[in-house]
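Pasted below: my_file.cif, mmCIF, C-alpha atoms.
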data_coords
loop_
_atom_site.label_atom_id
_atom_site.label_comp_id
_atom_site.auth_asym_id
_atom_site.auth_seq_id
_atom_site.Cartn_x
_atom_site.Cartn_y
_atom_site.Cartn_z
CA MET J 965 -21.58 -0.98 8.77
CA ILE J 966 -18.10 0.53 8.65
CA ASP J 967 -17.22 -0.82 12.09
CA GLU J 968 -18.33 -4.33 11.08
CA ARG J 969 -16.15 -4.28 7.96
CA LEU J 970 -13.13 -2.96 9.83
CA SER J 971 -13.42 -5.63 12.52
CA ALA J 972 -13.80 -8.40 9.99
CA ALA J 973 -10.92 -7.23 7.83
CA ALA J 974 -8.56 -7.26 10.79
CA HIS J 975 -8.92 -11.03 11.09
CA TRP J 976 -9.69 -12.40 7.62
CA SER J 977 -7.18 -13.84 5.20
CA PRO J 978 -7.36 -13.78 1.38
CA HIS J 979 -8.48 -17.41 1.41
CA GLU J 980 -11.33 -16.62 3.80
CA ALA J 981 -12.20 -13.62 1.65
CA ARG J 982 -12.62 -15.97 -1.30
CA LEU J 983 -15.31 -17.79 0.67
CA ALA J 984 -16.85 -14.77 2.34
CA TRP J 985 -17.40 -12.50 -0.62
CA PRO J 986 -19.02 -13.12 -3.98
CA ALA J 987 -16.81 -13.64 -6.99
CA HIS J 988 -15.75 -10.65 -9.08
CA GLY J 989 -18.18 -9.29 -11.60
CA PRO J 990 -16.90 -8.05 -14.95
CA ALA J 991 -13.16 -7.48 -14.76
CA LYS J 992 -12.26 -3.92 -13.80
CA ASP J 993 -9.40 -2.04 -15.43
CA TRP J 994 -6.24 -1.60 -13.34
CA PRO J 995 -6.73 2.18 -12.85
CA ASP J 996 -10.22 1.52 -11.45
CA LEU J 997 -8.93 -1.18 -9.09
CA LEU J 998 -6.14 1.09 -7.89
CA HIS J 999 -8.53 4.00 -7.34
CA GLU J 1000 -10.83 1.74 -5.31
CA ALA J 1001 -7.91 0.56 -3.16
CA ARG J 1002 -6.70 4.10 -2.46
CA ALA J 1003 -10.23 5.28 -1.67
CA THR J 1004 -10.46 2.45 0.85
CA THR J 1005 -7.18 3.44 2.49
CA SER J 1006 -8.19 7.10 2.65
CA ALA J 1007 -11.61 6.31 4.11
CA VAL J 1008 -10.29 4.08 6.88
CA GLU J 1009 -7.42 6.41 7.79
CA GLN J 1010 -9.86 9.32 7.97
CA ALA J 1011 -12.21 7.30 10.17
CA ARG J 1012 -9.38 6.42 12.57
CA ALA J 1013 -8.04 9.97 12.87
CA PRO J 1014 -8.53 11.93 16.13
CA GLU J 1015 -10.98 14.18 14.29
CA PRO J 1016 -12.61 11.88 11.71
CA ASP J 1017 -13.94 13.16 8.41
CA TRP J 1018 -17.14 11.15 8.11
CA SER J 1019 -17.82 12.50 4.63
CA VAL J 1020 -15.25 10.00 3.34
CA LEU J 1021 -16.92 6.62 2.95
CA LEU J 1022 -15.72 3.14 2.10
CA PRO J 1023 -16.37 1.92 -1.44
CA GLY J 1024 -19.56 -0.12 -1.42
CA ASP J 1025 -18.45 -3.01 -3.60
CA ILE J 1026 -15.18 -4.28 -2.11
CA THR J 1027 -14.83 -7.89 -3.17
CA GLY J 1028 -12.10 -10.32 -2.20
CA PRO J 1029 -9.41 -10.63 -3.14
CA SER J 1030 -9.40 -7.26 -4.94
CA PRO J 1031 -6.64 -4.67 -4.26
CA ALA J 1032 -9.15 -2.77 -2.12
CA TRP J 1033 -9.40 -5.76 0.22
CA TYR J 1034 -5.63 -5.73 0.80
CA ALA J 1035 -5.78 -1.97 1.31
CA LEU J 1036 -8.51 -2.43 3.94
CA ARG J 1037 -6.51 -5.12 5.74
CA ARG J 1038 -3.46 -2.86 5.92
CA ALA J 1039 -5.39 0.25 6.97
CA VAL J 1040 -6.99 -1.47 9.99
CA ALA J 1041 -3.70 -2.74 11.44
CA PRO J 1042 -3.43 -1.91 15.17
CA ARG J 1043 -0.48 0.40 14.49
CA LEU J 1044 -0.54 2.75 11.55
CA LEU J 1045 1.64 5.45 10.00
CA THR J 1046 0.05 7.86 7.56
CA VAL J 1047 0.93 11.28 6.15
CA ARG J 1048 -1.94 13.76 5.93
CA VAL J 1049 -2.29 17.28 4.56
CA ALA J 1050 -3.91 19.84 6.87
CA ASP J 1051 -3.96 23.62 6.42
CA GLY J 1052 -1.32 23.36 3.72
CA LYS J 1053 1.10 21.43 5.94
CA LEU J 1054 2.19 17.80 5.99
CA ASN J 1055 1.59 15.93 9.23
CA LEU J 1056 2.59 12.42 10.25
CA LEU J 1057 -0.25 10.69 12.09
CA VAL J 1058 0.76 7.72 14.22
CA ILE J 1059 -2.07 5.52 15.52
CA ASN J 1060 -1.54 2.97 18.28
CA ASP J 1061 -4.68 0.88 18.76
CA SER J 1062 -2.92 -1.68 20.93
CA ALA J 1063 -2.57 -2.38 24.63
CA GLU J 1064 1.15 -1.54 24.69
CA PRO J 1065 2.89 1.85 24.27
CA PHE J 1066 4.45 2.42 20.86
CA GLN J 1067 7.99 3.65 21.46
CA GLU J 1068 10.19 3.80 18.38
CA ILE J 1069 12.57 5.93 16.34
CA VAL J 1070 10.82 7.16 13.21
CA THR J 1071 12.93 8.11 10.19
CA LEU J 1072 11.63 10.49 7.55
CA ARG J 1073 13.45 10.80 4.23
CA ARG J 1074 12.79 12.75 1.07
CA ILE J 1075 14.09 10.67 -1.80
CA ALA J 1076 14.39 10.95 -5.56
CA PHE J 1077 12.84 8.21 -7.68
CA ASP J 1078 16.34 6.94 -8.47
CA GLY J 1079 16.87 6.20 -4.78
CA SER J 1080 19.01 9.21 -3.88
CA VAL J 1081 18.37 10.52 -0.36
CA LEU J 1082 17.89 14.29 -0.55
CA ALA J 1083 17.07 15.07 3.10
CA GLY J 1084 16.25 13.18 6.26
CA VAL J 1085 15.49 13.47 9.97
CA SER J 1086 14.82 11.08 12.84
CA LEU J 1087 12.20 11.67 15.52
CA ILE J 1088 11.23 9.84 18.70
CA LEU J 1089 7.78 8.28 18.92
CA ASP J 1090 6.19 7.68 22.31
CA VAL J 1091 2.53 6.93 21.73
CA PRO J 1092 0.55 5.58 24.71
CA ALA J 1093 -1.70 2.56 24.35
CA TRP J 1094 -4.99 3.27 22.57
CA ALA J 1095 -3.81 6.72 21.51
CA SER J 1096 -2.41 8.66 18.58
CA GLN J 1097 0.27 11.26 17.97
CA THR J 1098 0.55 13.90 15.26
CA LEU J 1099 3.94 15.27 14.22
CA GLU J 1100 4.47 18.07 11.74
CA VAL J 1101 6.78 17.05 8.91
CA PRO J 1102 9.80 19.40 8.87
CA GLY J 1103 9.82 21.89 6.01
CA ILE J 1104 13.04 20.51 4.53
CA LEU J 1105 11.15 17.28 3.84
CA ALA J 1106 7.79 18.75 2.90
CA SER J 1107 9.03 21.12 0.15
CA PRO J 1108 10.56 19.15 -2.74
CA GLU J 1109 12.51 20.92 -5.47
CA LYS J 1110 11.03 18.51 -8.04
CA PRO J 1111 7.61 17.32 -6.84
CA SER J 1112 7.18 15.12 -9.91
CA SER J 1113 10.14 12.87 -9.12
CA GLN J 1114 10.43 12.79 -5.33
CA ALA J 1115 8.69 11.01 -2.46
CA LEU J 1116 8.53 11.21 1.32
CA VAL J 1117 9.32 7.88 3.01
CA VAL J 1118 8.47 7.34 6.68
CA GLU J 1119 9.74 4.28 8.55
CA ALA J 1120 9.40 3.09 12.14
CA GLY J 1121 10.68 -0.41 12.84
CA THR J 1122 9.15 -2.66 10.18
CA MET J 1123 6.43 -0.13 9.33
CA ARG J 1124 6.57 2.19 6.34
CA CYS J 1125 4.38 4.68 4.56
CA THR J 1126 5.07 6.90 1.57
CA HIS J 1127 3.70 10.23 0.44
CA LEU J 1128 3.83 11.57 -3.11
CA PHE J 1129 3.83 15.27 -3.91
CA ALA J 1130 1.69 15.10 -7.06
CA ASP J 1131 -0.97 12.94 -8.70
CA ASP J 1132 0.01 9.82 -10.62
CA ARG J 1133 -0.30 11.35 -14.07
CA GLU J 1134 1.90 14.28 -13.05
CA LEU J 1135 4.72 12.08 -11.72
CA ASP J 1136 7.84 11.15 -13.67
CA TYR J 1137 7.39 7.43 -13.16
CA ASP J 1138 9.53 4.91 -14.98
CA PRO J 1139 6.79 2.99 -16.88
CA PHE J 1140 8.89 -0.19 -16.64
CA PRO J 1141 10.45 -0.02 -13.17
CA LEU J 1142 10.62 -3.73 -12.36
CA GLU J 1143 12.85 -6.71 -13.04
CA THR J 1144 11.02 -9.98 -12.39
CA ALA J 1145 11.70 -13.66 -11.85
CA VAL J 1146 9.05 -16.35 -11.31
CA HIS J 1147 9.69 -19.70 -9.60
CA THR J 1148 7.44 -22.63 -8.76
CA THR J 1149 6.90 -23.56 -5.10
CA ARG J 1150 5.12 -26.37 -3.27
CA THR J 1151 1.92 -24.34 -3.08
CA GLY J 1152 2.14 -22.37 -6.30
CA TYR J 1153 4.55 -19.69 -7.40
CA ALA J 1154 6.95 -17.04 -6.10
CA VAL J 1155 7.06 -13.79 -8.05
CA GLN J 1156 10.23 -11.88 -7.19
CA VAL J 1157 10.38 -8.24 -8.26
CA ARG J 1158 13.29 -5.81 -8.08
CA ALA J 1159 12.76 -2.08 -8.53
CA ARG J 1160 15.11 -0.25 -10.88
CA SER J 1161 13.31 2.96 -9.94
CA PHE J 1162 10.59 3.98 -7.48
CA ALA J 1163 7.73 1.51 -7.99
CA ARG J 1164 4.40 2.34 -6.38
CA ASP J 1165 1.58 -0.06 -5.46
CA VAL J 1166 3.07 -3.12 -7.14
CA THR J 1167 0.35 -5.77 -7.35
CA VAL J 1168 -0.03 -9.27 -8.73
CA LEU J 1169 -3.60 -9.53 -10.04
CA ALA J 1170 -3.60 -13.27 -9.38
CA ASP J 1171 -7.14 -13.89 -10.59
CA ARG J 1172 -6.07 -12.64 -14.02
CA PHE J 1173 -3.58 -15.53 -13.98
CA HIS J 1174 -6.09 -18.15 -12.85
CA PRO J 1175 -9.55 -17.80 -11.21
CA GLU J 1176 -8.41 -19.81 -8.18
CA ALA J 1177 -5.05 -18.06 -7.74
CA LEU J 1178 -4.42 -15.90 -4.65
CA ALA J 1179 -1.53 -13.57 -3.82
CA ASP J 1180 -0.38 -13.06 -0.24
CA GLU J 1181 0.04 -9.29 -0.58
CA ALA J 1182 -0.71 -6.35 -2.87
CA LEU J 1183 -0.04 -2.62 -3.24
CA VAL J 1184 3.64 -2.96 -2.30
CA THR J 1185 5.74 0.17 -2.84
CA LEU J 1186 9.45 -0.36 -3.50
CA LEU J 1187 12.30 2.12 -3.50
CA ALA J 1188 14.98 1.86 -6.18
CA GLY J 1189 17.11 -1.22 -5.55
CA GLU J 1190 14.62 -2.98 -3.24
CA THR J 1191 13.16 -6.43 -3.84
CA HIS J 1192 9.94 -8.14 -2.80
CA THR J 1193 8.59 -11.65 -3.30
CA PHE J 1194 4.86 -12.25 -3.78
CA ARG J 1195 3.66 -15.75 -2.84
CA VAL J 1196 0.89 -16.93 -5.16
CA SER J 1197 -1.13 -20.05 -4.44
CA ALA J 1198 -2.49 -21.61 -7.62
CA PRO J 1199 -3.09 -24.98 -9.26
CA PRO J 1200 0.06 -26.65 -10.65
CA GLY J 1201 0.97 -26.85 -14.30
CA LEU J 1202 0.14 -23.27 -15.27
CA PRO J 1203 2.45 -21.12 -17.44
CA ALA J 1204 4.49 -19.41 -14.71
CA ALA J 1205 5.77 -16.71 -17.05
CA ALA J 1206 2.26 -15.27 -17.28
CA LEU J 1207 2.60 -14.02 -13.69
CA SER J 1208 5.05 -11.38 -14.90
CA SER J 1209 2.93 -10.31 -17.87
CA ALA J 1210 1.61 -6.76 -18.16
CA GLN J 1211 -1.95 -8.02 -17.56
CA VAL J 1212 -1.08 -9.62 -14.20
CA LEU J 1213 1.86 -7.71 -12.68
CA ARG J 1214 0.80 -4.09 -12.33
CA SER J 1215 1.94 -0.89 -10.64
CA ALA J 1216 0.87 2.72 -10.48
CA ASP J 1217 3.90 3.55 -12.65
CA GLN J 1218 1.93 2.21 -15.62
CA ILE J 1219 -0.71 4.92 -15.25
CA ILE J 1220 0.86 7.62 -17.36
#
Please lay out the structure from this file as structure tokens.
Amino acid sequence: MIDERLSAAAHWSPHEARLAWPAHGPAKDWPDLLHEARATTSAVEQARAPEPDWSVLLPGDITGPSPAWYALRRAVAPRLLTVRVADGKLNLLVINDSAEPFQEIVTLRRIAFDGSVLAGVSLILDVPAWASQTLEVPGILASPEKPSSQALVVEAGTMRCTHLFADDRELDYDPFPLETAVHTTRTGYAVQVRARSFARDVTVLADRFHPEALADEALVTLLAGETHTFRVSAPPGLPAAALSSAQVLRSADQII
């Protein structure tokens, strides 16, 4: 069952998901949706690890286009970066499920939520085709002075993953980290967000805007000063400002 869902997710789009899965049931609260998405990410990453933990299972009620669907699509990408905790240490797991070697410079930075870079190193990746590589995160990056307001950011080419040193409710999030602007497009709307502070898992819950609306991406994490534009397909003539409302534009920073 897991293999079938992973294979399908690698090729489906949000529009196909709309056709393939039943419509949402009663609307879930944002914390529940976010938990479901993170559980999906954790389950797939565990299943793809060299020594899988099969006790971690996929949520049984993933429906498109919920945040968990976007999490599943991202987690089954052929190349994956993820930070895992093992025996009290942080390890970077690099998975290369492709036919070509993955050779890249990977940069690891420990940052403050205001964007300040506190420490950083660069390492060389050379992962053969259909293989994985595990690198221990250097202690200078794995031991933050203020765990509640710092993050580990790992980047290799266009790929990025982040690791937080505490649970959401223990983090010193800015509850209002985003500046937003919404514009109409030929196919719907563009929601541009700019992070004033670290903004985790930014998501446009498009179906809260209109039942037929679809966003191209979800669960986007932005560092202070970064911008991202969500493309939302939706019928014309809707109140565009609603896309930036607290009911539609969400992030983990609001869970405090």
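A cut-off of 6 Å from the point (8.3, -13.8, -9.8), with all atoms listed in the file, picks out the residues J:Thr1144, J:Ala1145, J:Val1146, J:Ala1154, J:Val1155, J:Gln1156.
Here the question is which of J:Ala1198, J:Ala1130, J:Val1118, J:Leu1207 gets nearest to Val1085 in chain J using all atoms listed in the file, and that residue is J:Val1118.
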* How many Å separate CA of Thr1167 in chain J from CA of Val1212 in chain J? ->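 For CA of Thr1167 in chain J relative to CA of Val1212 in chain J, the distance reads 8.0 Å.
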* To do: Name the residues in contact with Ala1039 in chain J at a cut-off of 10 Å, using all atoms listed in the file, excluding same-chain residues fewer than 2 positions from it; report them as a PyMOL selection string.
  => chain J and resi 970+973-974+1004-1009+1012+1033-1037+1041-1046
* Looking at J:Pro1111, J:Gly1084, J:Gly1189, J:Pro1102, which one is nearest to Leu1054 in chain J, with distances taken over only C-alpha atoms? ->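 Using only C-alpha atoms, Leu1054 in chain J sits closest to J:Pro1102.
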* Give the answer as one residue: which of J:Leu1128, J:Ala1120, J:Ile1075, J:Leu1202 has the shortest atom-to-atom distance to Phe1173 in chain J, using all atoms listed in the file? =>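 Checking each of J:Leu1128, J:Ala1120, J:Ile1075, J:Leu1202 against Phe1173 in chain J, counting all atoms listed in the file, the winner is J:Leu1202.
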If you take every atom of range 1167-1181 of chain J that the file lists and fit an axis-aligned box around them with 6 Å extra on each side, what centre and edge lengths come out in Å to one decimal, as AutoDock Vina command-line options?
--center_x -4.6 --center_y -12.8 --center_z -7.1 --size_x 21.9 --size_y 26.0 --size_z 25.8
* Asked: Do you have the CA of Arg1048 in chain J-CA of His1127 in chain J distance handy?
  -> 8.6 Å
* Evaluate the PyMOL selection byres ((chain J and resi 1179) around 7) and record the selected residues as a PyMOL selection string, following the chain and residue labels used in the document. => chain J and resi 1168+1170+1177-1178+1180-1181+1194-1197
* Take the PyMOL selection byres ((chain J and resi 1061) around 7), apply it to the structure above, and return the hits as a PyMOL selection string. => chain J and resi 1042-1043+1059-1060+1062+1093-1095
* Out of J:Thr1122, J:Glu1064, J:Phe1162, J:Gly1052, which residue has the shortest atom-to-atom distance to Gly1103 in chain J when counting only C-alpha atoms? -> J:Gly1052
* Between CA of Phe1140 in chain J and CA of Leu997 in chain J, what is the distance, to one decimal in Å? -> 19.4 Å
* To do: For Gln1097 in chain J, work out the shell of residues within 8 Å, counting all atoms listed in the file and skipping chain neighbours fewer than 5 positions away, then give it as a list in words.
  =>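 These residues fall inside the cut-off: Leu1057, Val1058, Ile1059 and Val1091 of chain J.
Closest approach to Pro1029 in chain J from the set J:Leu1116, J:Ala1001, J:Ile1219, J:Val1101 is made by J:Ala1001, with distances taken over all atoms listed in the file.
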